[in-house]
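S.K.: For reference, the file work-v6.cif (mmCIF, N, CA and C atoms) is included below:
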data_query
#
loop_
_atom_site.label_atom_id
_atom_site.label_comp_id
_atom_site.auth_asym_id
_atom_site.auth_seq_id
_atom_site.Cartn_x
_atom_site.Cartn_y
_atom_site.Cartn_z
N MET V 253 -19.06 2.12 10.78
CA MET V 253 -18.36 1.08 11.51
C MET V 253 -18.92 -0.29 11.15
N ASP V 254 -19.11 -0.48 9.86
CA ASP V 254 -19.63 -1.77 9.41
C ASP V 254 -18.59 -2.85 9.59
N ARG V 255 -19.07 -4.04 9.86
CA ARG V 255 -18.20 -5.15 10.27
C ARG V 255 -17.65 -5.96 9.10
N TYR V 256 -18.31 -5.99 7.97
CA TYR V 256 -17.91 -6.85 6.86
C TYR V 256 -17.31 -6.01 5.74
N ILE V 257 -16.29 -6.57 5.08
CA ILE V 257 -15.53 -5.82 4.09
C ILE V 257 -15.24 -6.68 2.87
N CYS V 258 -15.22 -6.03 1.71
CA CYS V 258 -14.80 -6.69 0.47
C CYS V 258 -13.30 -6.49 0.35
N GLU V 259 -12.57 -7.56 0.22
CA GLU V 259 -11.10 -7.43 0.15
C GLU V 259 -10.63 -6.86 -1.18
N LEU V 260 -11.47 -6.86 -2.21
CA LEU V 260 -11.07 -6.31 -3.51
C LEU V 260 -11.20 -4.79 -3.56
N CYS V 261 -12.32 -4.27 -3.08
CA CYS V 261 -12.55 -2.82 -3.21
C CYS V 261 -12.50 -2.08 -1.87
N GLY V 262 -12.62 -2.79 -0.78
CA GLY V 262 -12.56 -2.14 0.53
C GLY V 262 -13.88 -1.59 1.01
N ARG V 263 -14.96 -1.78 0.25
CA ARG V 263 -16.28 -1.32 0.71
C ARG V 263 -16.70 -2.13 1.91
N ARG V 264 -17.38 -1.46 2.82
CA ARG V 264 -17.82 -2.14 4.04
C ARG V 264 -19.33 -2.24 4.07
N PHE V 265 -19.80 -3.31 4.72
CA PHE V 265 -21.22 -3.60 4.78
C PHE V 265 -21.59 -4.02 6.20
N PRO V 266 -22.84 -3.77 6.60
CA PRO V 266 -23.27 -4.16 7.95
C PRO V 266 -23.65 -5.64 8.06
N HIS V 267 -23.73 -6.33 6.94
CA HIS V 267 -24.18 -7.73 6.93
C HIS V 267 -23.21 -8.60 6.13
N SER V 268 -23.25 -9.89 6.38
CA SER V 268 -22.41 -10.81 5.61
C SER V 268 -23.07 -11.08 4.26
N GLY V 269 -22.35 -11.74 3.39
CA GLY V 269 -22.86 -12.05 2.06
C GLY V 269 -21.80 -11.79 1.02
N ASP V 270 -22.23 -11.26 -0.12
CA ASP V 270 -21.31 -10.94 -1.21
C ASP V 270 -21.27 -9.43 -1.43
N CYS V 271 -20.17 -8.96 -1.97
CA CYS V 271 -20.02 -7.54 -2.30
C CYS V 271 -20.97 -7.20 -3.45
N LYS V 272 -21.57 -6.02 -3.39
CA LYS V 272 -22.49 -5.59 -4.45
C LYS V 272 -21.76 -5.34 -5.76
N ASP V 273 -20.52 -4.85 -5.67
CA ASP V 273 -19.74 -4.58 -6.88
C ASP V 273 -19.00 -5.81 -7.39
N HIS V 274 -18.73 -6.77 -6.50
CA HIS V 274 -18.01 -8.00 -6.85
C HIS V 274 -18.83 -9.19 -6.34
N PRO V 275 -19.87 -9.60 -7.07
CA PRO V 275 -20.77 -10.65 -6.60
C PRO V 275 -20.09 -11.99 -6.33
N GLU V 276 -18.93 -12.21 -6.97
CA GLU V 276 -18.21 -13.48 -6.77
C GLU V 276 -17.35 -13.43 -5.51
N GLU V 277 -17.26 -12.26 -4.86
CA GLU V 277 -16.37 -12.07 -3.72
C GLU V 277 -17.17 -12.07 -2.40
N PRO V 278 -16.98 -13.10 -1.56
CA PRO V 278 -17.67 -13.09 -0.27
C PRO V 278 -17.05 -12.03 0.65
N LEU V 279 -17.89 -11.42 1.45
CA LEU V 279 -17.42 -10.40 2.38
C LEU V 279 -16.66 -11.06 3.52
N GLN V 280 -15.63 -10.37 4.00
CA GLN V 280 -14.80 -10.87 5.09
C GLN V 280 -15.23 -10.20 6.40
N ASP V 281 -15.18 -10.95 7.48
CA ASP V 281 -15.58 -10.46 8.80
C ASP V 281 -14.38 -9.82 9.49
N LEU V 282 -14.44 -8.51 9.72
CA LEU V 282 -13.33 -7.80 10.35
C LEU V 282 -13.16 -8.16 11.83
N ALA V 283 -14.14 -8.82 12.40
CA ALA V 283 -14.01 -9.26 13.80
C ALA V 283 -13.03 -10.43 13.92
N ASP V 284 -12.75 -11.11 12.81
CA ASP V 284 -11.84 -12.25 12.79
C ASP V 284 -10.40 -11.74 12.63
N GLU V 285 -9.56 -12.06 13.59
CA GLU V 285 -8.18 -11.58 13.56
C GLU V 285 -7.41 -12.09 12.35
N ASP V 286 -7.69 -13.32 11.91
CA ASP V 286 -7.01 -13.86 10.72
C ASP V 286 -7.34 -13.04 9.48
N VAL V 287 -8.57 -12.55 9.39
CA VAL V 287 -8.97 -11.71 8.26
C VAL V 287 -8.22 -10.39 8.31
N ARG V 288 -8.10 -9.80 9.48
CA ARG V 288 -7.37 -8.53 9.61
C ARG V 288 -5.89 -8.72 9.25
N ILE V 289 -5.31 -9.83 9.66
CA ILE V 289 -3.91 -10.12 9.31
C ILE V 289 -3.76 -10.29 7.80
N MET V 290 -4.70 -11.01 7.19
CA MET V 290 -4.66 -11.23 5.74
C MET V 290 -4.78 -9.89 4.99
N LEU V 291 -5.72 -9.04 5.39
CA LEU V 291 -5.90 -7.74 4.73
C LEU V 291 -4.68 -6.85 4.94
N ASP V 292 -4.08 -6.91 6.11
CA ASP V 292 -2.86 -6.14 6.37
C ASP V 292 -1.72 -6.62 5.48
N ASP V 293 -1.63 -7.94 5.28
CA ASP V 293 -0.61 -8.49 4.37
C ASP V 293 -0.84 -8.02 2.94
N PHE V 294 -2.11 -8.00 2.50
CA PHE V 294 -2.42 -7.52 1.15
C PHE V 294 -2.04 -6.04 1.01
N ASP V 295 -2.35 -5.24 2.04
CA ASP V 295 -2.01 -3.82 2.01
C ASP V 295 -0.49 -3.63 1.97
N SER V 296 0.23 -4.42 2.74
CA SER V 296 1.70 -4.33 2.75
C SER V 296 2.28 -4.71 1.39
N ALA V 297 1.70 -5.72 0.76
CA ALA V 297 2.18 -6.14 -0.57
C ALA V 297 1.93 -5.04 -1.59
N ARG V 298 0.76 -4.38 -1.52
CA ARG V 298 0.48 -3.28 -2.44
C ARG V 298 1.47 -2.12 -2.21
N LYS V 299 1.79 -1.85 -0.94
CA LYS V 299 2.74 -0.78 -0.63
C LYS V 299 4.13 -1.11 -1.19
N ARG V 300 4.60 -2.35 -0.98
CA ARG V 300 5.91 -2.75 -1.51
C ARG V 300 5.95 -2.64 -3.03
N LYS V 301 4.87 -3.07 -3.67
CA LYS V 301 4.81 -3.02 -5.13
C LYS V 301 4.84 -1.58 -5.63
N ARG V 302 4.08 -0.70 -4.99
CA ARG V 302 4.05 0.71 -5.39
C ARG V 302 5.41 1.37 -5.17
N LEU V 303 6.02 1.12 -4.01
CA LEU V 303 7.34 1.70 -3.74
C LEU V 303 8.39 1.18 -4.71
N GLY V 304 8.31 -0.09 -5.06
CA GLY V 304 9.25 -0.65 -6.04
C GLY V 304 9.09 -0.02 -7.40
N MET V 305 7.85 0.17 -7.82
CA MET V 305 7.59 0.79 -9.12
C MET V 305 8.07 2.24 -9.12
N LEU V 306 7.76 2.98 -8.06
CA LEU V 306 8.22 4.38 -7.97
C LEU V 306 9.74 4.46 -7.90
N GLY V 307 10.35 3.53 -7.17
CA GLY V 307 11.81 3.50 -7.09
C GLY V 307 12.45 3.24 -8.43
N ALA V 308 11.88 2.34 -9.21
CA ALA V 308 12.41 2.04 -10.54
C ALA V 308 12.28 3.25 -11.47
N VAL V 309 11.14 3.90 -11.42
CA VAL V 309 10.93 5.09 -12.26
C VAL V 309 11.92 6.19 -11.87
N CYS V 310 12.07 6.43 -10.58
CA CYS V 310 13.00 7.47 -10.11
C CYS V 310 14.45 7.11 -10.47
N ALA V 311 14.79 5.85 -10.38
CA ALA V 311 16.16 5.43 -10.72
C ALA V 311 16.45 5.70 -12.19
N VAL V 312 15.48 5.44 -13.05
CA VAL V 312 15.68 5.70 -14.49
C VAL V 312 15.76 7.20 -14.76
N VAL V 313 14.84 7.95 -14.17
CA VAL V 313 14.81 9.40 -14.41
C VAL V 313 16.08 10.07 -13.88
N LEU V 314 16.58 9.60 -12.74
CA LEU V 314 17.74 10.22 -12.13
C LEU V 314 19.07 9.58 -12.53
N SER V 315 19.05 8.67 -13.49
CA SER V 315 20.29 7.99 -13.91
C SER V 315 21.35 8.93 -14.47
N PRO V 316 21.02 10.09 -15.01
CA PRO V 316 22.09 10.99 -15.46
C PRO V 316 23.03 11.44 -14.33
N ILE V 317 22.59 11.34 -13.10
CA ILE V 317 23.48 11.68 -11.98
C ILE V 317 24.74 10.82 -12.03
N VAL V 318 24.60 9.56 -12.32
CA VAL V 318 25.74 8.64 -12.38
C VAL V 318 26.65 9.01 -13.55
N ILE V 319 26.05 9.38 -14.64
CA ILE V 319 26.82 9.66 -15.85
C ILE V 319 27.59 10.98 -15.76
N PHE V 320 26.95 12.02 -15.23
CA PHE V 320 27.54 13.36 -15.30
C PHE V 320 28.39 13.75 -14.10
N LEU V 321 28.30 13.06 -12.99
CA LEU V 321 29.20 13.39 -11.88
C LEU V 321 30.57 12.77 -12.14
N PRO V 322 31.63 13.53 -11.94
CA PRO V 322 32.96 13.03 -12.29
C PRO V 322 33.41 11.84 -11.44
N ALA V 323 33.09 11.84 -10.18
CA ALA V 323 33.50 10.73 -9.31
C ALA V 323 32.40 9.67 -9.34
N ARG V 324 32.69 8.53 -9.92
CA ARG V 324 31.69 7.47 -10.09
C ARG V 324 31.10 6.99 -8.77
N LYS V 325 31.95 6.83 -7.76
CA LYS V 325 31.47 6.31 -6.48
C LYS V 325 30.50 7.30 -5.84
N ILE V 326 30.83 8.57 -5.86
CA ILE V 326 29.95 9.60 -5.30
C ILE V 326 28.67 9.71 -6.12
N GLY V 327 28.83 9.62 -7.43
CA GLY V 327 27.67 9.68 -8.31
C GLY V 327 26.71 8.53 -8.06
N LEU V 328 27.25 7.34 -7.87
CA LEU V 328 26.42 6.18 -7.60
C LEU V 328 25.69 6.32 -6.27
N MET V 329 26.40 6.77 -5.26
CA MET V 329 25.77 6.95 -3.95
C MET V 329 24.70 8.06 -4.00
N ALA V 330 24.99 9.13 -4.72
CA ALA V 330 24.02 10.22 -4.87
C ALA V 330 22.79 9.75 -5.64
N TRP V 331 23.01 8.92 -6.65
CA TRP V 331 21.91 8.38 -7.45
C TRP V 331 21.01 7.50 -6.60
N ILE V 332 21.60 6.62 -5.79
CA ILE V 332 20.81 5.74 -4.93
C ILE V 332 20.03 6.55 -3.90
N ALA V 333 20.70 7.51 -3.26
CA ALA V 333 20.02 8.34 -2.26
C ALA V 333 18.91 9.18 -2.87
N ALA V 334 19.19 9.78 -4.02
CA ALA V 334 18.18 10.64 -4.67
C ALA V 334 17.00 9.81 -5.15
N SER V 335 17.27 8.62 -5.68
CA SER V 335 16.18 7.75 -6.14
C SER V 335 15.29 7.33 -4.99
N GLY V 336 15.90 6.94 -3.88
CA GLY V 336 15.12 6.54 -2.71
C GLY V 336 14.31 7.69 -2.13
N ALA V 337 14.92 8.86 -2.04
CA ALA V 337 14.21 10.03 -1.50
C ALA V 337 13.06 10.45 -2.43
N ALA V 338 13.31 10.43 -3.72
CA ALA V 338 12.27 10.81 -4.67
C ALA V 338 11.12 9.81 -4.64
N ALA V 339 11.44 8.52 -4.55
CA ALA V 339 10.39 7.49 -4.49
C ALA V 339 9.56 7.66 -3.22
N GLY V 340 10.23 7.94 -2.10
CA GLY V 340 9.51 8.17 -0.85
C GLY V 340 8.61 9.39 -0.92
N GLY V 341 9.10 10.45 -1.54
CA GLY V 341 8.29 11.64 -1.71
C GLY V 341 7.10 11.41 -2.62
N LEU V 342 7.33 10.71 -3.72
CA LEU V 342 6.21 10.40 -4.62
C LEU V 342 5.19 9.48 -3.96
N TYR V 343 5.66 8.60 -3.07
CA TYR V 343 4.71 7.71 -2.38
C TYR V 343 3.77 8.52 -1.48
N LYS V 344 4.26 9.62 -0.94
CA LYS V 344 3.39 10.48 -0.12
C LYS V 344 2.27 11.06 -0.97
N VAL V 345 2.58 11.35 -2.23
CA VAL V 345 1.59 11.92 -3.14
C VAL V 345 0.71 10.83 -3.76
N PHE V 346 1.31 9.69 -4.08
CA PHE V 346 0.60 8.59 -4.74
C PHE V 346 0.70 7.31 -3.90
N PRO V 347 0.06 7.28 -2.73
CA PRO V 347 0.17 6.09 -1.88
C PRO V 347 -0.60 4.90 -2.45
N ALA V 348 -0.23 3.73 -1.99
CA ALA V 348 -0.95 2.52 -2.39
C ALA V 348 -2.31 2.50 -1.70
N ARG V 349 -3.27 1.91 -2.36
CA ARG V 349 -4.62 1.81 -1.79
C ARG V 349 -4.60 0.87 -0.60
N ARG V 350 -5.21 1.31 0.50
CA ARG V 350 -5.33 0.47 1.70
C ARG V 350 -6.76 -0.04 1.79
N VAL V 351 -6.91 -1.32 2.11
CA VAL V 351 -8.23 -1.91 2.29
C VAL V 351 -8.57 -2.00 3.77
N LEU V 352 -7.60 -2.42 4.58
CA LEU V 352 -7.86 -2.60 6.01
C LEU V 352 -8.07 -1.23 6.66
N PRO V 353 -9.23 -1.01 7.27
CA PRO V 353 -9.46 0.29 7.92
C PRO V 353 -8.67 0.40 9.22
N ASP V 354 -8.54 1.61 9.71
CA ASP V 354 -7.85 1.85 10.98
C ASP V 354 -8.83 1.57 12.12
N LEU V 355 -8.91 0.32 12.54
CA LEU V 355 -9.88 -0.08 13.55
C LEU V 355 -9.49 0.43 14.93
N GLU V 356 -8.22 0.72 15.14
CA GLU V 356 -7.79 1.28 16.43
C GLU V 356 -8.44 2.64 16.64
N GLN V 357 -8.54 3.40 15.58
CA GLN V 357 -9.13 4.74 15.67
C GLN V 357 -10.65 4.67 15.76
N GLU V 358 -11.26 3.72 15.07
CA GLU V 358 -12.72 3.59 15.07
C GLU V 358 -13.25 3.02 16.39
N LYS V 359 -12.51 2.07 16.95
CA LYS V 359 -12.89 1.38 18.19
C LYS V 359 -14.33 0.82 18.13
N PRO V 360 -14.60 -0.04 17.15
CA PRO V 360 -15.95 -0.61 17.08
C PRO V 360 -16.21 -1.58 18.22
N GLY V 361 -17.47 -1.70 18.61
CA GLY V 361 -17.84 -2.58 19.72
C GLY V 361 -17.64 -4.04 19.43
N TRP V 362 -17.72 -4.45 18.15
CA TRP V 362 -17.60 -5.86 17.80
C TRP V 362 -16.15 -6.32 17.74
N LEU V 363 -15.18 -5.39 17.81
CA LEU V 363 -13.77 -5.76 17.74
C LEU V 363 -13.32 -6.36 19.06
N SER V 364 -12.75 -7.58 18.98
CA SER V 364 -12.32 -8.23 20.21
C SER V 364 -10.88 -7.94 20.53
#
Mind turning the file's structure into C-alpha coordinates?
M.R.:
Amino acid sequence: MDRYICELCGRRFPHSGDCKDHPEEPLQDLADEDVRIMLDDFDSARKRKRLGMLGAVCAVVLSPIVIFLPARKIGLMAWIAASGAAAGGLYKVFPARRVLPDLEQEKPGWLS
(Lines of atoms letter the chains of each structure in order from A and count residues from 1; the text may use other names and numbers.)
(Lines give C-alpha, C1' and ligand atoms only; values in the text may rest on other atoms or scores of the structure.)
Protein backbone atom coordinates (compact mmCIF):
# COMPACT_ATOMS: atom_id res chain seq x y z
CA MET A 1 0.00 0.00 0.00
CA ASP A 2 2.75 2.38 -0.95
CA ARG A 3 1.66 5.95 -1.51
CA TYR A 4 3.90 7.09 -4.40
CA ILE A 5 3.72 5.79 -7.95
CA CYS A 6 5.63 6.11 -11.22
CA GLU A 7 3.17 7.04 -13.94
CA LEU A 8 5.30 5.36 -16.62
CA CYS A 9 5.67 1.87 -15.16
CA GLY A 10 3.18 1.80 -12.30
CA ARG A 11 5.73 0.76 -9.66
CA ARG A 12 4.89 2.00 -6.20
CA PHE A 13 7.20 3.32 -3.53
CA PRO A 14 6.80 4.24 0.15
CA HIS A 15 8.71 7.52 -0.30
CA SER A 16 8.71 10.47 -2.68
CA GLY A 17 11.52 11.08 -5.15
CA ASP A 18 12.26 9.56 -8.54
CA CYS A 19 11.45 6.13 -9.94
CA LYS A 20 14.38 3.69 -9.79
CA ASP A 21 13.70 2.50 -13.34
CA HIS A 22 12.93 5.99 -14.71
CA PRO A 23 15.26 8.44 -12.92
CA GLU A 24 13.90 11.38 -14.94
CA GLU A 25 10.34 10.62 -13.75
CA PRO A 26 9.27 12.09 -10.38
CA LEU A 27 6.96 9.89 -8.35
CA GLN A 28 3.33 10.97 -8.07
CA ASP A 29 1.48 11.12 -4.74
CA LEU A 30 -1.63 8.91 -4.84
CA ALA A 31 -3.10 10.85 -1.92
CA ASP A 32 -3.60 13.79 -4.34
CA GLU A 33 -6.96 13.50 -6.11
CA ASP A 34 -5.65 15.38 -9.17
CA VAL A 35 -2.95 12.72 -9.58
CA ARG A 36 -5.52 9.93 -9.37
CA ILE A 37 -7.67 11.68 -11.99
CA MET A 38 -4.65 12.14 -14.26
CA LEU A 39 -3.63 8.46 -13.94
CA ASP A 40 -7.22 7.36 -14.57
CA ASP A 41 -7.25 9.51 -17.73
CA PHE A 42 -3.98 7.90 -18.89
CA ASP A 43 -5.44 4.43 -18.23
CA SER A 44 -8.62 5.31 -20.15
CA ALA A 45 -6.56 6.59 -23.09
CA ARG A 46 -4.54 3.35 -23.16
CA LYS A 47 -7.80 1.34 -23.09
CA ARG A 48 -9.30 3.36 -25.98
CA LYS A 49 -6.11 2.97 -28.00
CA ARG A 50 -5.97 -0.80 -27.41
CA LEU A 51 -9.66 -1.28 -28.25
CA GLY A 52 -9.25 0.80 -31.41
CA MET A 53 -6.26 -1.23 -32.53
CA LEU A 54 -8.03 -4.54 -31.80
CA GLY A 55 -11.16 -3.28 -33.56
CA ALA A 56 -9.17 -2.36 -36.66
CA VAL A 57 -7.44 -5.75 -36.74
CA CYS A 58 -10.75 -7.59 -36.30
CA ALA A 59 -12.41 -5.46 -38.99
CA VAL A 60 -9.68 -6.37 -41.48
CA VAL A 61 -9.67 -10.06 -40.57
CA LEU A 62 -13.46 -10.30 -40.72
CA SER A 63 -13.88 -8.21 -43.89
CA PRO A 64 -14.73 -11.29 -46.01
CA ILE A 65 -18.11 -11.31 -44.26
CA VAL A 66 -19.06 -8.23 -46.27
CA ILE A 67 -17.81 -9.71 -49.51
CA PHE A 68 -19.30 -13.21 -49.28
CA LEU A 69 -22.74 -12.57 -47.80
CA PRO A 70 -25.25 -12.02 -50.61
CA ALA A 71 -27.19 -9.24 -48.89
CA ARG A 72 -24.81 -6.28 -48.54
CA LYS A 73 -26.78 -4.57 -45.78
CA ILE A 74 -26.92 -7.72 -43.64
CA GLY A 75 -23.28 -8.45 -44.40
CA LEU A 76 -22.24 -4.97 -43.32
CA MET A 77 -24.21 -5.19 -40.09
CA ALA A 78 -22.82 -8.68 -39.38
CA TRP A 79 -19.30 -7.43 -40.07
CA ILE A 80 -19.67 -4.50 -37.67
CA ALA A 81 -21.20 -6.68 -34.94
CA ALA A 82 -18.63 -9.47 -35.37
CA SER A 83 -15.73 -7.01 -35.39
CA GLY A 84 -16.93 -5.33 -32.20
CA ALA A 85 -17.58 -8.63 -30.44
CA ALA A 86 -14.21 -10.05 -31.48
CA ALA A 87 -12.39 -6.89 -30.37
CA GLY A 88 -14.17 -7.02 -27.00
CA GLY A 89 -13.25 -10.67 -26.58
CA LEU A 90 -9.63 -10.06 -27.51
CA TYR A 91 -9.51 -7.16 -25.05
CA LYS A 92 -10.40 -9.61 -22.27
CA VAL A 93 -7.34 -11.65 -23.24
CA PHE A 94 -5.05 -8.69 -24.05
CA PRO A 95 -6.16 -5.80 -21.81
CA ALA A 96 -4.42 -2.45 -21.74
CA ARG A 97 -1.93 -1.91 -18.94
CA ARG A 98 -3.41 -0.08 -15.95
CA VAL A 99 -1.24 2.16 -13.79
CA LEU A 100 -3.79 3.46 -11.29
CA PRO A 101 -4.27 0.82 -8.59
CA ASP A 102 -7.68 -0.10 -7.23
CA LEU A 103 -7.50 2.07 -4.11
CA GLU A 104 -11.12 1.35 -3.22
CA GLN A 105 -10.18 -2.28 -2.64
CA GLU A 106 -6.92 -1.50 -0.83
CA LYS A 107 -8.43 1.17 1.46
CA PRO A 108 -5.10 2.74 2.48
CA GLY A 109 -5.07 4.97 5.55
CA TRP A 110 -3.50 7.91 3.70
CA LEU A 111 -6.35 8.07 1.14
CA SER A 112 -8.63 11.00 1.86
S.K.: Selected by the PyMOL selection byres ((chain V and resi 334-336) around 8) in the shown coordinates: which residues, as a PyMOL selection string?
M.R.: chain V and resi 306-312+314-315+328-333+337-342
S.K.: So that I can check the surroundings of V:Glu277, please list as a ChimeraX atom specification every protein, DNA and RNA residue that reaches within 8 Å of it, counting all atoms listed in the file and ignoring chain neighbours fewer than 6 positions away.
M.R.: /V:257-260,269-271
S.K.: What's around V:Gln357 at 12 Å? Count only C-alpha atoms, leave out sequence neighbours fewer than 4 positions away in its own chain, and write the answer as a list in words.
M.R.: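 Residues near the query, excluding close chain neighbours: Met253, Pro353 and Leu363 of chain V.
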S.K.: Taking the chain letters and numbering used in this document, name the residues of chain V that DSSP puts in alpha helix (DSSP H), as a ChimeraX atom specification.
M.R.: /V:285-313,316-320,324-345,355-358
S.K.: Give me, please, the distance in Å between atom CA of V:Leu291 and atom CA of V:Val351, quoted to one decimal.
M.R.: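 So the two atoms, atom CA of V:Leu291 and atom CA of V:Val351, lie 6.7 Å apart.
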S.K.: Could you tell me which of V:Cys261, V:Leu352, V:Arg255, V:Phe320 comes closest to V:Asp293 if we count only C-alpha atoms?
M.R.: V:Leu352
S.K.: Between atom N of V:Phe346 and atom CA of V:Gly262, what is the spacing in Å?
M.R.: 18.8 Å
S.K.: As a count of residues only, which residues of chain V does DSSP assign to strand (DSSP E)?
M.R.: 6
S.K.: Which residues come within 8 Å of V:Pro360, counting only N, CA and C atoms, excluding same-chain residues fewer than 5 positions away, as a PyMOL selection string?
M.R.: chain V and resi 253-254+354-355
S.K.: Go ahead and compute the interatomic distance for atom CA of V:Pro347 and atom CA of V:Asp286, in Å to one decimal.
M.R.: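 That distance, rounded to one decimal, is 24.7 Å.
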S.K.: Do you know which residues the PyMOL selection byres (((chain V and resi 280 and name CA) around 8) and name CA) returns on this file, as a list in words?
M.R.: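 For this structure, the PyMOL selection byres (((chain V and resi 280 and name CA) around 8) and name CA) captures Tyr256, Ile257, Cys258, Glu259, Ser268, Pro278, Leu279, Asp281, Leu282 and Val287 of chain V.
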S.K.: Taking N, CA and C atoms for each residue, export the selection above as an mmCIF file, keeping the file's coordinate frame.
M.R.:
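Generated output (part.cif):
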data_model
loop_
_atom_site.group_PDB
_atom_site.id
_atom_site.type_symbol
_atom_site.label_atom_id
_atom_site.label_comp_id
_atom_site.auth_asym_id
_atom_site.auth_seq_id
_atom_site.Cartn_x
_atom_site.Cartn_y
_atom_site.Cartn_z
ATOM 1 N N TYR V 256 -18.310 -5.990 7.970
ATOM 2 C CA TYR V 256 -17.910 -6.850 6.860
ATOM 3 C C TYR V 256 -17.310 -6.010 5.740
ATOM 4 N N ILE V 257 -16.290 -6.570 5.080
ATOM 5 C CA ILE V 257 -15.530 -5.820 4.090
ATOM 6 C C ILE V 257 -15.240 -6.680 2.870
ATOM 7 N N CYS V 258 -15.220 -6.030 1.710
ATOM 8 C CA CYS V 258 -14.800 -6.690 0.470
ATOM 9 C C CYS V 258 -13.300 -6.490 0.350
ATOM 10 N N GLU V 259 -12.570 -7.560 0.220
ATOM 11 C CA GLU V 259 -11.100 -7.430 0.150
ATOM 12 C C GLU V 259 -10.630 -6.860 -1.180
ATOM 13 N N SER V 268 -23.250 -9.890 6.380
ATOM 14 C CA SER V 268 -22.410 -10.810 5.610
ATOM 15 C C SER V 268 -23.070 -11.080 4.260
ATOM 16 N N PRO V 278 -16.980 -13.100 -1.560
ATOM 17 C CA PRO V 278 -17.670 -13.090 -0.270
ATOM 18 C C PRO V 278 -17.050 -12.030 0.650
ATOM 19 N N LEU V 279 -17.890 -11.420 1.450
ATOM 20 C CA LEU V 279 -17.420 -10.400 2.380
ATOM 21 C C LEU V 279 -16.660 -11.060 3.520
ATOM 22 N N ASP V 281 -15.180 -10.950 7.480
ATOM 23 C CA ASP V 281 -15.580 -10.460 8.800
ATOM 24 C C ASP V 281 -14.380 -9.820 9.490
ATOM 25 N N LEU V 282 -14.440 -8.510 9.720
ATOM 26 C CA LEU V 282 -13.330 -7.800 10.350
ATOM 27 C C LEU V 282 -13.160 -8.160 11.830
ATOM 28 N N VAL V 287 -8.570 -12.550 9.390
ATOM 29 C CA VAL V 287 -8.970 -11.710 8.260
ATOM 30 C C VAL V 287 -8.220 -10.390 8.310
#
